[in-house]
>>> print(open('coords-v1.cif').read())   # mmCIF, C-alpha atoms and all ligand atoms
data_run
loop_
_atom_site.label_atom_id
_atom_site.label_comp_id
_atom_site.auth_asym_id
_atom_site.auth_seq_id
_atom_site.Cartn_x
_atom_site.Cartn_y
_atom_site.Cartn_z
CA MET O 25 3.74 -12.20 22.24
CA ALA O 26 0.37 -13.04 20.79
CA ASN O 27 -1.57 -13.22 17.61
CA PHE O 28 -1.57 -10.07 15.47
CA LEU O 29 -2.22 -8.87 11.96
CA PHE O 30 0.91 -7.68 10.17
CA VAL O 31 0.38 -5.52 7.08
CA THR O 32 3.31 -4.14 5.13
CA ASP O 33 4.11 -2.32 1.94
CA LEU O 34 6.83 -4.04 -0.12
CA ASP O 35 9.12 -1.68 -2.10
CA HIS O 36 11.33 0.44 0.18
CA THR O 37 9.50 -0.83 3.30
CA LEU O 38 9.82 -4.63 3.66
CA ILE O 39 12.23 -4.75 0.71
CA GLY O 40 15.45 -2.74 0.70
CA ASP O 41 17.92 -4.48 3.00
CA ASP O 42 18.23 -8.26 2.71
CA ILE O 43 19.95 -8.97 6.04
CA PRO O 44 17.27 -7.58 8.40
CA LEU O 45 14.65 -8.91 5.96
CA SER O 46 15.84 -12.44 6.52
CA LEU O 47 15.69 -11.97 10.32
CA LEU O 48 12.20 -10.46 10.09
CA ASN O 49 11.09 -13.38 7.88
CA LYS O 50 12.25 -15.84 10.55
CA ILE O 51 10.48 -14.00 13.37
CA LEU O 52 7.22 -13.59 11.45
CA ASN O 53 7.25 -17.18 10.29
CA LYS O 54 7.67 -18.39 13.86
CA ASN O 55 4.89 -16.09 15.09
CA ARG O 56 2.61 -17.37 12.35
CA THR O 57 3.29 -21.00 13.31
CA ASP O 58 3.08 -20.45 17.09
CA TYR O 59 0.29 -17.87 17.38
CA GLY O 60 -1.47 -17.64 14.02
CA THR O 61 -0.12 -14.17 13.14
CA LYS O 62 -1.50 -13.13 9.78
CA ILE O 63 0.82 -11.64 7.16
CA VAL O 64 -0.55 -9.31 4.50
CA TYR O 65 1.43 -7.51 1.79
CA SER O 66 -0.06 -4.31 0.48
CA THR O 67 1.74 -3.10 -2.62
CA GLY O 68 1.35 -0.57 -5.41
CA ARG O 69 2.57 -3.22 -7.83
CA SER O 70 0.25 -5.21 -10.05
CA LEU O 71 0.06 -8.97 -9.52
CA TYR O 72 2.36 -9.31 -12.55
CA ARG O 73 5.05 -7.12 -10.98
CA TYR O 74 4.60 -8.89 -7.61
CA HIS O 75 5.55 -12.12 -9.35
CA GLN O 76 8.63 -10.40 -10.79
CA LEU O 77 9.63 -9.25 -7.30
CA ILE O 78 9.38 -12.70 -5.71
CA GLN O 79 11.71 -14.07 -8.37
CA GLU O 80 14.37 -11.72 -7.01
CA LYS O 81 13.64 -11.48 -3.27
CA SER O 82 12.96 -14.07 -0.65
CA ILE O 83 9.76 -13.20 1.22
CA LEU O 84 7.21 -15.35 3.06
CA PRO O 85 4.04 -16.37 1.24
CA PRO O 86 1.38 -13.95 2.57
CA ASP O 87 -2.05 -14.85 3.99
CA ARG O 88 -3.48 -12.21 1.65
CA LEU O 89 -1.89 -10.11 -1.06
CA ILE O 90 -3.27 -6.62 -1.72
CA THR O 91 -2.05 -5.29 -5.07
CA SER O 92 -2.42 -2.24 -7.30
CA VAL O 93 -2.67 0.24 -4.40
CA GLY O 94 -5.47 -1.55 -2.56
CA THR O 95 -7.72 -2.23 -5.53
CA GLU O 96 -7.27 -6.02 -5.73
CA ILE O 97 -6.98 -8.67 -2.99
CA TYR O 98 -5.66 -12.19 -3.65
CA ILE O 99 -5.97 -15.18 -1.31
CA ASN O 100 -3.45 -17.08 -3.35
CA PRO O 101 -1.07 -14.96 -5.44
CA SER O 102 -0.32 -17.92 -7.71
CA ASP O 103 -3.84 -18.09 -9.07
CA HIS O 104 -5.24 -15.04 -10.76
CA ASN O 105 -8.60 -14.87 -9.00
CA PHE O 106 -9.03 -11.76 -6.97
CA ASP O 107 -11.53 -11.39 -4.12
CA LEU O 108 -14.78 -10.68 -5.95
CA ALA O 109 -16.59 -9.16 -2.98
CA TRP O 110 -13.78 -6.60 -2.68
CA ALA O 111 -13.80 -5.97 -6.42
CA ASN O 112 -17.55 -5.26 -6.20
CA GLU O 113 -17.03 -2.66 -3.49
CA VAL O 114 -14.16 -1.05 -5.36
CA SER O 115 -16.03 -0.88 -8.65
CA GLU O 116 -18.82 1.31 -7.23
CA GLY O 117 -18.92 4.67 -8.96
CA TRP O 118 -15.80 3.92 -11.06
CA ASP O 119 -15.86 5.08 -14.67
CA ARG O 120 -12.46 4.07 -16.05
CA GLU O 121 -13.05 5.30 -19.59
CA GLY O 122 -14.49 8.62 -18.49
CA ILE O 123 -11.47 9.22 -16.23
CA CYS O 124 -8.95 8.25 -18.93
CA ALA O 125 -10.65 10.65 -21.34
CA ILE O 126 -10.20 13.59 -18.93
CA ALA O 127 -6.66 12.64 -17.90
CA SER O 128 -5.57 12.29 -21.53
CA HIS O 129 -5.89 16.09 -21.91
CA PHE O 130 -2.93 16.51 -19.54
CA SER O 131 0.20 16.16 -21.63
CA ASP O 132 2.39 16.19 -18.52
CA LEU O 133 0.88 12.88 -17.39
CA LEU O 134 2.85 10.04 -18.97
CA LEU O 135 1.19 6.64 -18.87
CA GLN O 136 3.04 3.96 -16.91
CA PRO O 137 3.54 0.55 -18.59
CA GLN O 138 0.48 -1.47 -19.53
CA SER O 139 1.12 -3.99 -16.73
CA GLU O 140 0.35 -1.24 -14.18
CA GLN O 141 -2.95 -0.23 -15.82
CA THR O 142 -5.37 -2.54 -14.03
CA PRO O 143 -9.18 -2.68 -13.88
CA PHE O 144 -9.39 -0.30 -10.91
CA LYS O 145 -6.17 1.72 -11.21
CA ILE O 146 -4.86 4.16 -13.82
CA SER O 147 -1.23 5.16 -13.33
CA TYR O 148 0.99 7.88 -14.74
CA TYR O 149 4.45 9.34 -14.23
CA LEU O 150 4.35 12.96 -13.16
CA SER O 151 7.41 15.08 -12.51
CA GLU O 152 7.65 16.58 -9.04
CA SER O 153 8.41 20.06 -10.37
CA ILE O 154 4.90 20.41 -11.84
CA ALA O 155 2.91 18.08 -9.57
CA ASP O 156 1.59 20.93 -7.40
CA GLU O 157 0.21 22.66 -10.45
CA ILE O 158 -1.19 19.62 -12.30
CA ILE O 159 -2.83 17.67 -9.45
CA PRO O 160 -5.36 20.38 -8.42
CA ARG O 161 -6.30 20.96 -12.08
CA LEU O 162 -6.78 17.24 -12.67
CA LYS O 163 -8.91 16.93 -9.51
CA SER O 164 -11.04 19.86 -10.48
CA ASP O 165 -11.62 18.61 -14.06
CA LEU O 166 -12.60 15.16 -12.77
CA ALA O 167 -14.97 16.69 -10.19
CA HIS O 168 -16.45 18.96 -12.84
CA HIS O 169 -17.42 15.82 -14.79
CA ASN O 170 -18.79 14.15 -11.62
CA LEU O 171 -16.09 11.48 -11.77
CA LEU O 172 -15.44 10.16 -8.27
CA THR O 173 -11.77 9.27 -7.76
CA GLN O 174 -8.85 9.38 -5.38
CA ILE O 175 -5.63 10.87 -6.68
CA ILE O 176 -2.52 9.56 -4.97
CA TYR O 177 0.97 10.93 -5.60
CA SER O 178 3.91 8.87 -4.35
CA ALA O 179 7.69 9.11 -4.20
CA SER O 180 7.86 12.27 -6.33
CA TYR O 181 7.10 10.40 -9.58
CA ALA O 182 3.96 8.23 -9.52
CA LEU O 183 0.39 9.43 -9.83
CA ASP O 184 -2.37 6.87 -9.37
CA ILE O 185 -6.05 7.41 -10.00
CA LEU O 186 -8.15 5.02 -7.92
CA PRO O 187 -11.83 4.39 -7.26
CA ILE O 188 -13.27 6.26 -4.32
CA ASN O 189 -13.71 2.96 -2.39
CA GLY O 190 -10.21 1.65 -3.20
CA GLY O 191 -6.83 2.29 -1.60
CA LYS O 192 -4.57 0.42 0.77
CA GLY O 193 -6.40 1.68 3.88
CA SER O 194 -9.87 0.51 2.77
CA ALA O 195 -8.51 -2.87 1.69
CA LEU O 196 -6.91 -3.29 5.11
CA GLN O 197 -10.18 -2.39 6.88
CA TYR O 198 -12.01 -4.93 4.70
CA LEU O 199 -9.62 -7.72 5.79
CA ARG O 200 -9.57 -6.64 9.43
CA ASN O 201 -13.38 -6.74 9.55
CA LYS O 202 -13.47 -10.08 7.77
CA TRP O 203 -11.06 -11.61 10.30
CA GLY O 204 -12.42 -9.67 13.31
CA ILE O 205 -8.98 -8.42 14.38
CA ALA O 206 -8.93 -5.28 16.55
CA ALA O 207 -7.02 -2.16 15.50
CA ASP O 208 -4.64 -2.46 18.46
CA LYS O 209 -3.76 -6.01 17.34
CA THR O 210 -2.94 -4.75 13.85
CA VAL O 211 0.30 -3.18 12.69
CA VAL O 212 0.81 -1.43 9.35
CA CYS O 213 4.15 -0.43 7.78
CA GLY O 214 4.96 1.92 4.92
CA ASP O 215 7.30 4.44 3.34
CA SER O 216 5.45 6.60 0.80
CA GLY O 217 2.33 8.47 -0.29
CA ASN O 218 0.30 5.43 -1.30
CA ASP O 219 0.74 4.10 2.27
CA ILE O 220 -0.81 7.14 4.00
CA SER O 221 -4.29 5.60 3.97
CA LEU O 222 -2.91 2.56 5.85
CA PHE O 223 -2.17 4.87 8.78
CA GLN O 224 -5.54 6.62 8.93
CA GLY O 225 -7.22 4.36 11.49
CA GLU O 226 -6.04 3.42 14.98
CA GLU O 227 -3.87 0.54 13.86
CA ARG O 228 -0.31 0.60 15.15
CA GLY O 229 1.70 2.31 12.43
CA ILE O 230 5.38 1.94 11.61
CA ILE O 231 6.91 4.51 9.30
CA VAL O 232 10.33 3.27 8.23
CA GLY O 233 13.26 5.65 8.74
CA ASN O 234 13.81 5.97 4.98
CA ALA O 235 10.22 7.19 4.39
CA LYS O 236 9.59 9.66 1.58
CA PRO O 237 8.89 13.35 2.32
CA GLU O 238 5.13 13.12 1.66
CA LEU O 239 4.64 10.41 4.31
CA LEU O 240 7.00 12.11 6.78
CA GLN O 241 5.09 15.36 6.33
CA TRP O 242 1.80 13.56 6.96
CA TYR O 243 3.26 11.85 10.04
CA TYR O 244 4.50 15.14 11.54
CA ASN O 245 1.01 16.59 11.11
CA HIS O 246 -0.74 13.53 12.58
CA GLN O 247 1.38 12.35 15.47
CA THR O 248 -0.18 10.01 18.05
CA PRO O 249 1.31 7.37 20.35
CA PHE O 250 0.09 4.64 18.01
CA ARG O 251 2.25 5.84 15.10
CA TYR O 252 5.98 5.27 15.26
CA LEU O 253 8.69 6.76 13.10
CA ALA O 254 11.57 4.29 13.13
CA LYS O 255 15.20 5.36 13.05
CA ASP O 256 16.25 2.29 11.09
CA HIS O 257 15.50 1.76 7.44
CA TYR O 258 13.49 -0.91 5.58
CA ALA O 259 13.04 -4.27 7.42
CA ALA O 260 15.28 -3.07 10.27
CA GLY O 261 12.83 -0.19 10.79
CA ILE O 262 9.96 -2.68 10.88
CA LEU O 263 11.78 -4.79 13.50
CA GLU O 264 12.41 -1.63 15.55
CA GLY O 265 8.71 -0.68 15.37
CA LEU O 266 7.44 -4.19 16.19
CA THR O 267 9.64 -4.15 19.30
CA HIS O 268 8.49 -0.62 20.20
CA PHE O 269 4.84 -1.72 20.18
CA GLY O 270 5.59 -4.99 22.00
CA PHE O 271 4.52 -7.25 19.12
CA ILE O 272 7.91 -8.96 19.32
CA GLN O 273 10.59 -9.02 22.03
C1 LIG O 301 4.05 0.84 -7.81
C2 LIG O 301 3.19 0.60 -9.04
C3 LIG O 301 2.93 1.90 -9.78
C4 LIG O 301 2.39 2.95 -8.82
C5 LIG O 301 3.35 3.15 -7.66
C6 LIG O 301 2.84 4.14 -6.64
O1 LIG O 301 5.35 1.16 -8.18
O2 LIG O 301 3.83 -0.34 -9.90
O3 LIG O 301 1.99 1.67 -10.81
O4 LIG O 301 2.18 4.16 -9.49
O5 LIG O 301 3.51 1.89 -7.01
O6 LIG O 301 1.61 3.78 -6.09
MG MG O 302 6.85 1.63 -0.87
#
>>> encode(input="coords-v1.cif", output="structure tokens", more="lines below")
Ligand code: GLC
Ligand code: MG
Amino acid sequence: MANFLFVTDLDHTLIGDDIPLSLLNKILNKNRTDYGTKIVYSTGRSLYRYHQLIQEKSILPPDRLITSVGTEIYINPSDHNFDLAWANEVSEGWDREGICAIASHFSDLLLQPQSEQTPFKISYYLSESIADEIIPRLKSDLAHHNLLTQIIYSASYALDILPINGGKGSALQYLRNKWGIAADKTVVCGDSGNDISLFQGEERGIIVGNAKPELLQWYYNHQTPFRYLAKDHYAAGILEGLTHFGFIQ
């Protein structure tokens, strides 16, 4: 066992089964104390909804918190100051009003609650039955107006529009570079579409057994020895993957 960087999504990845979660918490906490393991949460939730979650679930305080699908990074989730250098990178080429104006022409896109509309993320509900028709049209309208974005569809209901420099994967690379931690000493865990970018480098990847079809599909098309599809679900899947890669015994 040695020092490593542990990055995990929250909903339906770390969170979902409280018994293995409490065991994983113990193991990670010990690794952090003994070896300096760094713990990062990377969630689609806003900071506001992260605070709601930690009222209900017992999780360790992270070394960094990445919120709103990789568009904000907090050193201390209890103050509201996000990492400004990251915000600067993310803001490049982002025209929130211009994007909202185009997206508002799509009556099938239903705005998510105000708490999930953050400076660098615009989020809608979109029904799975029409997603394949709407997403290409939205992308093409945005491109036609020279609006640079990433469109991310997750869990058959959520459509996020993000800046071109944002996303969970880029936020992870930013932290990894800042801390100088190698890809093979980094492990990322996820369950759905907004986690795909976490798996795009050579970090060790754990896909929990309950992963959603879009992530499973991506995994089957991009299999390598450094990505592992767990049999177990939620935190038990993470424990299985950490053992598989030798991060824990
Ligand atoms: C979280 C966010 C939501 C987002 C979804 C998928 O549930 O609260 O705004 O659309 O993740 O990324
Ligand atoms: Mg999730």
>>> atom_distance(input="coords-v1.cif", atom1="CA of Ser151 in chain O", atom2="CA of Asp219 in chain O")
19.6 Å
>>> closest_atom_pairs(input="coords-v1.cif", of="chain O", to="ligand LIG 301 (chain O)", cutoff="9 Å", atoms="all atoms listed in the file", output="Markdown table")
| residue | atom | partner | partner_atom | distance |
| --- | --- | --- | --- | --- |
| O:Asp35 | CA | O:LIG301 | O1 | 7.7 |
| O:Thr67 | CA | O:LIG301 | O5 | 6.9 |
| O:Gly68 | CA | O:LIG301 | O5 | 3.6 |
| O:Arg69 | CA | O:LIG301 | O2 | 3.8 |
| O:Ser70 | CA | O:LIG301 | O2 | 6.0 |
| O:Arg73 | CA | O:LIG301 | O2 | 7.0 |
| O:Tyr74 | CA | O:LIG301 | O2 | 8.9 |
| O:Thr91 | CA | O:LIG301 | C2 | 8.8 |
| O:Ser92 | CA | O:LIG301 | C2 | 6.5 |
| O:Val93 | CA | O:LIG301 | O6 | 5.8 |
| O:Gln136 | CA | O:LIG301 | O3 | 6.6 |
| O:Pro137 | CA | O:LIG301 | O3 | 8.0 |
| O:Ser139 | CA | O:LIG301 | O2 | 8.2 |
| O:Glu140 | CA | O:LIG301 | O3 | 4.7 |
| O:Gln141 | CA | O:LIG301 | O3 | 7.3 |
| O:Lys145 | CA | O:LIG301 | O3 | 8.2 |
| O:Ile146 | CA | O:LIG301 | O3 | 7.9 |
| O:Ser147 | CA | O:LIG301 | O4 | 5.2 |
| O:Tyr148 | CA | O:LIG301 | O4 | 6.5 |
| O:Tyr149 | CA | O:LIG301 | O4 | 7.4 |
| O:Ile176 | CA | O:LIG301 | O6 | 7.2 |
| O:Tyr177 | CA | O:LIG301 | C6 | 7.1 |
| O:Ser178 | CA | O:LIG301 | C6 | 5.4 |
| O:Ala179 | CA | O:LIG301 | C6 | 7.4 |
| O:Tyr181 | CA | O:LIG301 | O4 | 7.9 |
| O:Ala182 | CA | O:LIG301 | O4 | 4.4 |
| O:Leu183 | CA | O:LIG301 | O4 | 5.6 |
| O:Asp184 | CA | O:LIG301 | O4 | 5.3 |
| O:Ile185 | CA | O:LIG301 | O4 | 8.9 |
| O:Ser216 | CA | O:LIG301 | C6 | 8.3 |
| O:Gly217 | CA | O:LIG301 | O6 | 7.5 |
| O:Asn218 | CA | O:LIG301 | O6 | 5.2 |
| O:Asp219 | CA | O:LIG301 | O6 | 8.4 |
>>> residues_around(input="coords-v1.cif", residues="Thr95 in chain O", least_positions_apart="6", cutoff="10 Å", atoms="all atoms listed in the file", output="number ranges by chain")
O: 66-68, 70, 106, 110-111, 113-115, 142-145, 186-187, 189-192, 194-195
>>> residues_near_ligand(input="coords-v1.cif", ligand="ligand MG 302 (chain O)", cutoff="7 Å", atoms="all atoms listed in the file", output="compact mmCIF listing (two decimals) with C-alpha atoms, in the coordinates of the input")
# COMPACT_ATOMS: atom_id res chain seq x y z
CA ASP O 33 4.11 -2.32 1.94
CA LEU O 34 6.83 -4.04 -0.12
CA ASP O 35 9.12 -1.68 -2.10
CA HIS O 36 11.33 0.44 0.18
CA THR O 37 9.50 -0.83 3.30
CA GLY O 214 4.96 1.92 4.92
CA ASP O 215 7.30 4.44 3.34
CA SER O 216 5.45 6.60 0.80
>>> residues_near_point(input="coords-v1.cif", point="(1.1, 1.6, 7.9)", cutoff="9 Å", atoms="all atoms listed in the file", output="list in words")
Val31, Thr32, Asp33, Gly193, Val211, Val212, Cys213, Gly214, Asp215, Asp219, Ile220, Ser221, Leu222, Phe223, Gln224, Glu227, Arg228, Gly229, Ile230, Ile231 and Arg251 of chain O
>>> atom_distance(input="coords-v1.cif", atom1="CA of Gly233 in chain O", atom2="CA of Gly261 in chain O")
6.2 Å
>>> closest_residue(input="coords-v1.cif", among="O:Ile175, O:Leu71, O:Leu45, O:Leu84", to="Ala127 in chain O", atoms="only C-alpha atoms")
O:Ile175
>>> closest_residue(input="coords-v1.cif", among="O:His168, O:Arg88, O:Lys209, O:Lys202", to="Phe271 in chain O", atoms="only C-alpha atoms")
O:Lys209
>>> atom_distance(input="coords-v1.cif", atom1="CA of Asn55 in chain O", atom2="CA of Asn27 in chain O")
7.5 Å
>>> closest_residue(input="coords-v1.cif", among="O:Asp41, O:Asp87, O:Asp165, O:Asp132", to="Trp203 in chain O", atoms="all atoms listed in the file")
O:Asp87
>>> closest_residue(input="coords-v1.cif", among="O:Phe250, O:Trp118, O:Phe269, O:Tyr72", to="Gly225 in chain O", atoms="all atoms listed in the file")
O:Phe250
>>> residues_around(input="coords-v1.cif", residues="Gly117 in chain O", least_positions_apart="6", cutoff="10 Å", atoms="all atoms listed in the file", output="PyMOL selection string")
chain O and resi 170-173+187-189
>>> axis_aligned_box(input="coords-v1.cif", around="range 126-143 of chain O", padding_each_side="8 Å", output="JSON")
{"center_x": -3.3, "center_y": 6.3, "center_z": -17.9, "size_x": 29.7, "size_y": 36.5, "size_z": 24.0}
>>> closest_residue(input="coords-v1.cif", among="O:Lys236, O:Lys50, O:Lys62, O:His104", to="Leu263 in chain O", atoms="all atoms listed in the file")
O:Lys50
>>> decode(input="coords-v1.cif", residues="range 206-218 of chain O", atoms="N, CA, C and O atoms", output="compact mmCIF listing (two decimals), in the first residue's frame")
# COMPACT_ATOMS: atom_id res chain seq x y z
N ALA O 206 1.13 10.71 -10.52
CA ALA O 206 1.12 10.00 -11.81
C ALA O 206 -0.24 9.33 -12.06
O ALA O 206 -0.97 9.01 -11.11
N ALA O 207 -0.53 9.08 -13.33
CA ALA O 207 -1.80 8.43 -13.69
C ALA O 207 -1.93 7.05 -13.04
O ALA O 207 -3.01 6.67 -12.60
N ASP O 208 -0.82 6.31 -12.97
CA ASP O 208 -0.94 4.96 -12.41
C ASP O 208 -1.03 4.96 -10.87
O ASP O 208 -1.19 3.91 -10.26
N LYS O 209 -0.93 6.15 -10.28
CA LYS O 209 -1.15 6.28 -8.82
C LYS O 209 -2.48 6.98 -8.57
O LYS O 209 -2.73 7.52 -7.48
N THR O 210 -3.33 7.00 -9.60
CA THR O 210 -4.61 7.68 -9.49
C THR O 210 -5.70 6.69 -9.84
O THR O 210 -5.57 5.93 -10.80
N VAL O 211 -6.78 6.71 -9.08
CA VAL O 211 -7.89 5.81 -9.39
C VAL O 211 -9.17 6.64 -9.42
O VAL O 211 -9.39 7.51 -8.58
N VAL O 212 -9.98 6.41 -10.46
CA VAL O 212 -11.23 7.16 -10.65
C VAL O 212 -12.41 6.19 -10.66
O VAL O 212 -12.29 5.07 -11.16
N CYS O 213 -13.54 6.61 -10.10
CA CYS O 213 -14.69 5.70 -9.98
C CYS O 213 -15.96 6.41 -10.43
O CYS O 213 -16.18 7.57 -10.06
N GLY O 214 -16.80 5.69 -11.18
CA GLY O 214 -18.03 6.33 -11.64
C GLY O 214 -19.09 5.34 -12.07
O GLY O 214 -18.86 4.12 -12.11
N ASP O 215 -20.27 5.90 -12.38
CA ASP O 215 -21.40 5.04 -12.78
C ASP O 215 -22.19 5.54 -13.98
O ASP O 215 -23.06 4.82 -14.48
N SER O 216 -21.96 6.81 -14.44
CA SER O 216 -22.87 7.28 -15.49
C SER O 216 -22.16 8.18 -16.50
O SER O 216 -20.94 8.39 -16.43
N GLY O 217 -22.95 8.73 -17.42
CA GLY O 217 -22.41 9.48 -18.56
C GLY O 217 -21.50 10.64 -18.17
O GLY O 217 -20.49 10.87 -18.82
N ASN O 218 -21.83 11.35 -17.08
CA ASN O 218 -20.98 12.49 -16.75
C ASN O 218 -19.64 12.05 -16.16
O ASN O 218 -18.77 12.88 -15.92
